[in-house]
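Listing of final.txt; format and content: compact mmCIF, C-alpha atoms.
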# COMPACT_ATOMS: atom_id res chain seq x y z
CA VAL A 710 111.82 90.18 128.37
CA HIS A 711 113.12 90.18 131.93
CA VAL A 712 116.12 92.45 132.56
CA ASP A 713 118.67 91.97 135.37
CA ILE A 714 121.43 94.52 135.84
CA ASP A 715 124.68 93.40 137.41
CA LYS A 716 125.85 96.65 138.93
CA VAL A 717 129.13 95.16 140.06
CA GLY A 718 130.12 93.59 136.79
CA SER A 719 128.43 96.24 134.62
CA LYS A 720 126.49 93.58 132.79
CA ILE A 721 122.88 93.30 131.67
CA HIS A 722 121.21 89.90 131.72
CA LEU A 723 118.20 89.40 129.46
CA HIS A 724 115.72 86.55 129.77
CA GLY A 725 112.97 85.75 127.34
CA SER A 726 112.05 84.13 124.06
CA ASP A 727 114.51 84.14 121.16
CA GLU A 728 112.46 86.66 119.19
CA ALA A 729 112.03 88.97 122.17
CA LEU A 730 115.71 88.70 123.06
CA ASP A 731 116.78 89.66 119.53
CA LEU A 732 114.69 92.83 119.72
CA ALA A 733 115.88 93.61 123.23
CA VAL A 734 119.54 93.24 122.26
CA VAL A 735 119.06 95.71 119.42
CA GLU A 736 117.45 98.23 121.76
CA VAL A 737 120.17 97.84 124.37
CA GLU A 738 122.92 98.24 121.79
CA ASN A 739 121.21 101.35 120.38
CA ILE A 740 121.48 102.86 123.87
CA THR A 741 124.86 101.62 125.02
CA LEU A 742 126.68 102.15 121.74
CA ALA A 743 125.10 105.50 120.97
CA ILE A 744 127.18 108.57 120.31
CA GLU A 745 126.24 112.23 120.07
CA GLU A 746 127.42 114.46 117.25
CA ASP A 747 126.75 118.15 116.66
CA VAL A 748 126.26 118.92 112.99
CA GLU A 749 126.48 122.46 111.66
CA LEU A 750 123.81 123.00 109.00
CA PRO A 751 123.22 125.84 106.51
CA SER A 752 120.92 128.49 108.00
CA LEU A 753 118.41 128.21 105.14
CA LEU A 754 118.12 124.47 105.75
CA VAL A 755 117.45 124.96 109.46
CA THR A 756 114.86 127.66 108.70
CA HIS A 757 113.07 125.35 106.30
CA LEU A 758 113.20 122.22 108.44
CA MET A 759 111.97 123.97 111.58
CA ALA A 760 109.10 125.88 109.98
CA LYS A 761 105.84 124.21 111.01
CA ARG A 762 107.65 120.89 111.24
CA SER A 763 108.56 120.59 107.59
CA ALA A 764 107.43 117.48 105.74
CA LYS A 765 111.08 116.92 104.81
CA LEU A 766 112.12 116.81 108.49
CA ASN A 767 109.35 114.32 109.22
CA LYS A 768 110.60 112.20 106.33
CA VAL A 769 114.19 112.27 107.67
CA GLN A 770 113.03 111.13 111.07
CA GLU A 771 110.94 108.35 109.50
CA ASP A 772 113.95 107.21 107.44
CA HIS A 773 116.21 107.17 110.52
CA PRO A 774 114.06 105.97 113.43
CA ASP A 775 117.09 104.92 115.47
CA VAL A 776 118.69 108.36 115.34
CA HIS A 777 117.39 111.14 117.56
CA ILE A 778 117.61 114.53 115.83
CA ASP A 779 117.49 117.54 118.12
CA PHE A 780 117.17 121.12 116.84
CA SER A 781 116.41 122.62 120.25
CA ARG A 782 119.81 124.26 120.59
CA ASN A 783 120.40 127.80 119.44
CA GLY A 784 122.01 128.54 116.11
CA ASN A 785 122.23 126.21 113.15
CA THR A 786 123.44 123.14 115.00
CA ALA A 787 121.57 119.84 115.05
CA GLN A 788 122.48 117.19 117.59
CA LEU A 789 122.29 113.61 116.32
CA ARG A 790 122.28 110.73 118.77
CA GLY A 791 122.46 107.05 117.87
CA ARG A 792 124.84 104.30 116.83
CA PRO A 793 127.84 105.69 114.92
CA GLU A 794 127.05 104.05 111.59
CA LYS A 795 123.45 105.23 111.71
CA VAL A 796 124.39 108.76 112.75
CA VAL A 797 126.70 108.99 109.73
CA VAL A 798 123.88 108.05 107.33
CA ALA A 799 121.41 110.51 108.91
CA LYS A 800 124.04 113.26 108.88
CA ASN A 801 124.79 112.72 105.19
CA ASP A 802 121.09 112.82 104.37
CA LEU A 803 120.67 116.15 106.16
CA LEU A 804 123.71 117.69 104.51
CA SER A 805 122.55 116.55 101.08
CA PHE A 806 119.51 118.82 101.16
CA ASP A 807 119.89 121.83 98.86
CA VAL A 808 117.58 124.52 100.23
CA LYS A 809 117.36 127.76 98.25
CA LYS A 810 115.81 131.19 98.62
CA VAL A 811 114.18 133.49 96.08
CA THR A 812 112.67 136.93 96.55
CA ARG A 813 110.12 138.93 94.62
CA LYS A 814 109.11 142.54 95.06
CA LEU A 815 105.43 143.30 95.60
CA GLU A 816 103.92 146.66 94.74
CA GLY A 817 100.81 148.34 96.11
CA ARG A 818 97.93 145.95 96.71
CA GLU A 819 99.92 142.92 95.53
CA THR A 820 100.93 142.26 99.13
CA ALA A 821 97.29 141.96 100.22
CA PHE A 822 96.57 139.51 97.39
CA VAL A 823 99.46 137.23 98.40
CA VAL A 824 98.66 137.39 102.13
CA GLY A 825 94.90 136.95 101.74
CA LYS A 826 92.23 137.56 104.35
CA GLY A 827 93.67 136.78 107.77
CA GLY A 828 96.73 135.25 106.11
CA ALA A 829 94.64 132.52 104.46
CA THR A 830 96.34 132.67 101.05
CA VAL A 831 99.94 132.73 102.26
CA ASN A 832 99.26 129.96 104.80
CA ARG A 833 97.76 127.80 102.04
CA LEU A 834 100.80 128.42 99.83
CA VAL A 835 103.08 127.34 102.69
CA ASP A 836 101.11 124.15 103.32
CA ASP A 837 100.56 123.23 99.67
CA HIS A 838 104.18 123.69 98.59
CA ASP A 839 106.08 122.92 101.83
CA VAL A 840 107.99 126.20 101.75
CA VAL A 841 108.70 129.05 104.15
CA ILE A 842 107.26 132.40 103.07
CA ASN A 843 108.23 135.67 104.73
CA ILE A 844 106.84 139.03 103.67
CA SER A 845 108.50 142.23 104.84
CA ASN A 846 107.75 145.87 104.05
CA THR A 847 110.43 147.72 102.10
CA ASP A 848 108.64 151.08 102.10
CA SER A 849 105.13 152.48 102.48
CA ASN A 850 103.94 151.16 99.12
CA SER A 851 105.95 148.00 98.51
CA SER A 852 107.16 144.83 100.18
CA GLU A 853 109.30 141.80 99.46
CA VAL A 854 108.21 138.18 99.56
CA GLU A 855 110.91 135.65 100.45
CA ILE A 856 110.39 131.97 99.63
CA ILE A 857 112.64 129.33 101.20
CA GLY A 858 112.57 125.65 100.26
CA PHE A 859 113.62 123.13 97.67
CA GLU A 860 113.88 124.39 94.11
CA GLY A 861 110.86 122.55 92.73
CA ASN A 862 108.67 123.64 95.65
CA ILE A 863 109.84 127.24 95.34
CA ASN A 864 109.08 127.31 91.62
CA ALA A 865 105.59 125.92 92.21
CA ALA A 866 104.85 128.44 94.97
CA LEU A 867 106.23 131.34 92.93
CA SER A 868 104.23 130.25 89.89
CA GLU A 869 101.03 130.29 91.94
CA ILE A 870 101.88 133.71 93.34
CA GLU A 871 102.37 135.03 89.80
CA ASP A 872 99.01 133.53 88.84
CA ILE A 873 97.32 135.20 91.82
CA LEU A 874 98.82 138.57 90.89
CA TYR A 875 97.94 138.16 87.21
CA LYS A 876 94.29 137.40 87.98
CA ASN A 877 94.07 140.34 90.39
CA GLU A 878 95.84 142.83 88.12
CA GLU A 879 93.68 145.87 87.53
CA ILE A 880 92.74 146.35 83.89
CA GLU A 881 90.42 148.63 81.97
CA GLU A 882 88.11 147.91 79.07
CA ILE A 883 85.91 150.26 77.10
CA LEU A 884 82.35 149.45 76.09
CA LEU A 885 80.31 151.50 73.63
CA VAL A 886 76.88 152.14 75.09
CA GLN A 887 73.70 153.16 73.30
CA PRO A 888 72.13 156.45 74.49
CA MET A 889 69.10 154.60 75.89
CA GLN A 890 71.33 152.25 77.88
CA ARG A 891 73.38 155.16 79.15
CA ASN A 892 70.31 157.01 80.35
CA LYS A 893 69.04 153.86 82.06
CA LEU A 894 72.32 153.30 83.88
CA LEU A 895 72.61 156.91 85.01
CA GLU A 896 69.01 157.57 86.02
CA ASN A 897 68.25 158.23 89.68
CA SER A 898 71.76 159.56 90.26
CA GLY A 899 73.37 156.43 88.81
CA ALA A 900 71.47 153.96 91.03
CA THR A 901 71.76 151.13 88.49
CA VAL A 902 75.51 151.63 88.17
CA LYS A 903 75.86 151.50 91.94
CA VAL A 904 73.84 148.26 92.11
CA ILE A 905 76.05 146.62 89.47
CA GLN A 906 79.21 147.71 91.28
CA ALA A 907 77.85 146.38 94.59
CA GLU A 908 76.94 142.99 93.07
CA ILE A 909 80.39 142.51 91.58
CA ASN A 910 82.13 143.66 94.75
CA ASN A 911 80.11 141.14 96.78
CA MET A 912 81.23 138.36 94.44
CA ILE A 913 84.86 139.43 94.65
CA GLY A 914 85.00 139.70 98.43
CA SER A 915 87.24 141.91 100.53
CA ASN A 916 90.54 140.72 99.01
CA GLY A 917 89.87 141.50 95.38
CA ILE A 918 89.83 144.72 93.38
CA GLY A 919 86.36 146.23 93.20
CA VAL A 920 84.75 147.35 89.96
CA LEU A 921 84.51 150.96 88.87
CA LEU A 922 82.18 152.02 86.04
CA VAL A 923 82.95 155.43 84.53
CA PHE A 924 81.17 157.10 81.64
CA GLU A 925 83.11 159.54 79.51
CA LYS A 926 82.35 163.13 80.32
CA ARG A 927 80.26 164.91 77.76
CA PRO A 928 79.18 168.54 77.43
CA LYS A 929 75.63 169.29 78.60
CA GLU A 930 74.57 170.13 75.07
CA ASP A 931 75.52 166.58 74.00
CA MET A 932 73.54 164.81 76.72
CA HIS A 933 70.71 164.02 74.31
CA SER A 934 72.98 163.05 71.46
CA LYS A 935 72.33 159.74 69.70
CA ASP A 936 76.05 158.99 69.47
CA LEU A 937 77.47 156.00 71.32
CA THR A 938 79.02 156.72 74.72
CA LYS A 939 82.19 155.19 76.09
CA LEU A 940 81.87 153.31 79.36
CA ALA A 941 85.16 152.46 81.08
CA ILE A 942 85.14 149.32 83.25
CA LYS A 943 88.01 149.14 85.72
CA THR A 944 88.45 145.97 87.76
CA SER A 945 90.69 142.92 88.17
CA ARG A 946 91.40 140.62 85.26
CA MET A 947 89.47 137.75 86.87
CA SER A 948 86.42 139.95 87.54
CA MET A 949 86.19 141.64 84.15
CA LYS A 950 84.02 138.95 82.56
CA GLU A 951 81.42 139.15 85.35
CA ALA A 952 81.47 142.93 85.21
CA LYS A 953 80.88 143.00 81.44
CA ASN A 954 78.11 140.42 81.66
CA LEU A 955 76.24 142.42 84.30

Represent the structure from my file as structure tokens, please.
Amino acid sequence: VHVDIDKVGSKIHLHGSDEALDLAVVEVENITLAIEEDVELPSLLVTHLMAKRSAKLNKVQEDHPDVHIDFSRNGNTAQLRGRPEKVVVAKNDLLSFDVKKVTRKLEGRETAFVVGKGGATVNRLVDDHDVVINISNTDSNSSEVEIIGFEGNINAALSEIEDILYKNEEIEEILLVQPMQRNKLLENSGATVKVIQAEINNMIGSNGIGVLLVFEKRPKEDMHSKDLTKLAIKTSRMSMKEAKNL
């Protein structure tokens, strides 16, 4: 298409094929008839849309290619630019989004389990569920995880967090050990016990709860008794099976 601009008469002359002219006219009208409107949005919605370029924001822009959506201004204002009728549709779509927030308290090592090594776990949760996750300390031994997003996404992310915490919960089981087994485990200053603990801890990695094997204390005069001895195994729920097998 060839474009001539009549500066005196404020006219644009287009020359080209019918198909090209139709497309050109649409583009020109999108520019010349465009308006700008500032839309005040809920703060949670802005937080969610702007976090790592939310998939929902990408979808809005795909659905409204002729409307420019600008979040670069401060505050919770979005600037929409385009033809009036198209701006109205894009605006209504944005305002229809119902973004929510839920919080959950984390105690002790639960924070480390949710964050993961180098933030790997929390970053995966954010990407998998298209949510915003903020974790802030409330005191020296607890924190609060805040999840922002759409209800279904929040529920899925929270469900996975609960599953992570359940699997990493420290539990204790008692095994009854024969005297011969006890002596074998404790010989050489408990070398065998230390090997078992090291093997399990290597499997778990740095983010999990290590295993602790503790025999019940017995008087010296009972050391050669033929009675069964209690062995307490303390580790995470997901590591207990491996610990017992070893």

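Take the candidates A:Lys950, A:His711, A:Lys768, A:Arg813 and check each one against His724 (chain A) using only C-alpha atoms; the shortest distance goes to A:His711.
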
Could you tell me how far CA of Lys926 (chain A) sits from CA of Gly817 (chain A), in Å to one decimal place?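 Result for CA of Gly817 (chain A) versus CA of Lys926 (chain A): 28.4 Å, one decimal.
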
By how many Å are CA of Arg790 (chain A) and CA of Gly858 (chain A) apart?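 Calculated distance between CA of Arg790 (chain A) and CA of Gly858 (chain A) is 25.7 Å.
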
Give me the residues within 8 Å of Leu922 (chain A) as a PyMOL selection string, counting all atoms listed in the file and dropping any in the same chain fewer than 5 places off. chain A and resi 902+906+940-943

For region 807-809 of chain A, find every residue with an atom within 8 Å (counting all atoms listed in the file), except residues of its own chain fewer than 3 positions away, and show them as a ChimeraX atom specification. /A:753-754,757,804,857-860

Separation of CA of Thr944 (chain A) and CA of Glu878 (chain A), in Å?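 Computing the Euclidean distance for CA of Thr944 (chain A) and CA of Glu878 (chain A) yields 8.0 Å.
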
Using all atoms listed in the file, find the one residue out of A:Thr847, A:Asn897, A:Asn910, A:Gln887 that sits nearest to Glu951 (chain A).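 Checking each candidate against Glu951 (chain A), we get A:Asn910 as the closest.
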
From the list A:Glu853, A:Asp836, A:Glu819, A:Glu749, which residue is nearest Lys800 (chain A) when using only C-alpha atoms?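 Between A:Glu853, A:Asp836, A:Glu819, A:Glu749, the residue approaching Lys800 (chain A) most closely is A:Glu749.
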
For Leu789 (chain A), which residue out of A:Gly825, A:Thr830, A:Ser805, A:Ala743 is the nearest one, using all atoms listed in the file?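 Counting all atoms listed in the file, the residue closest to Leu789 (chain A) is A:Ala743.
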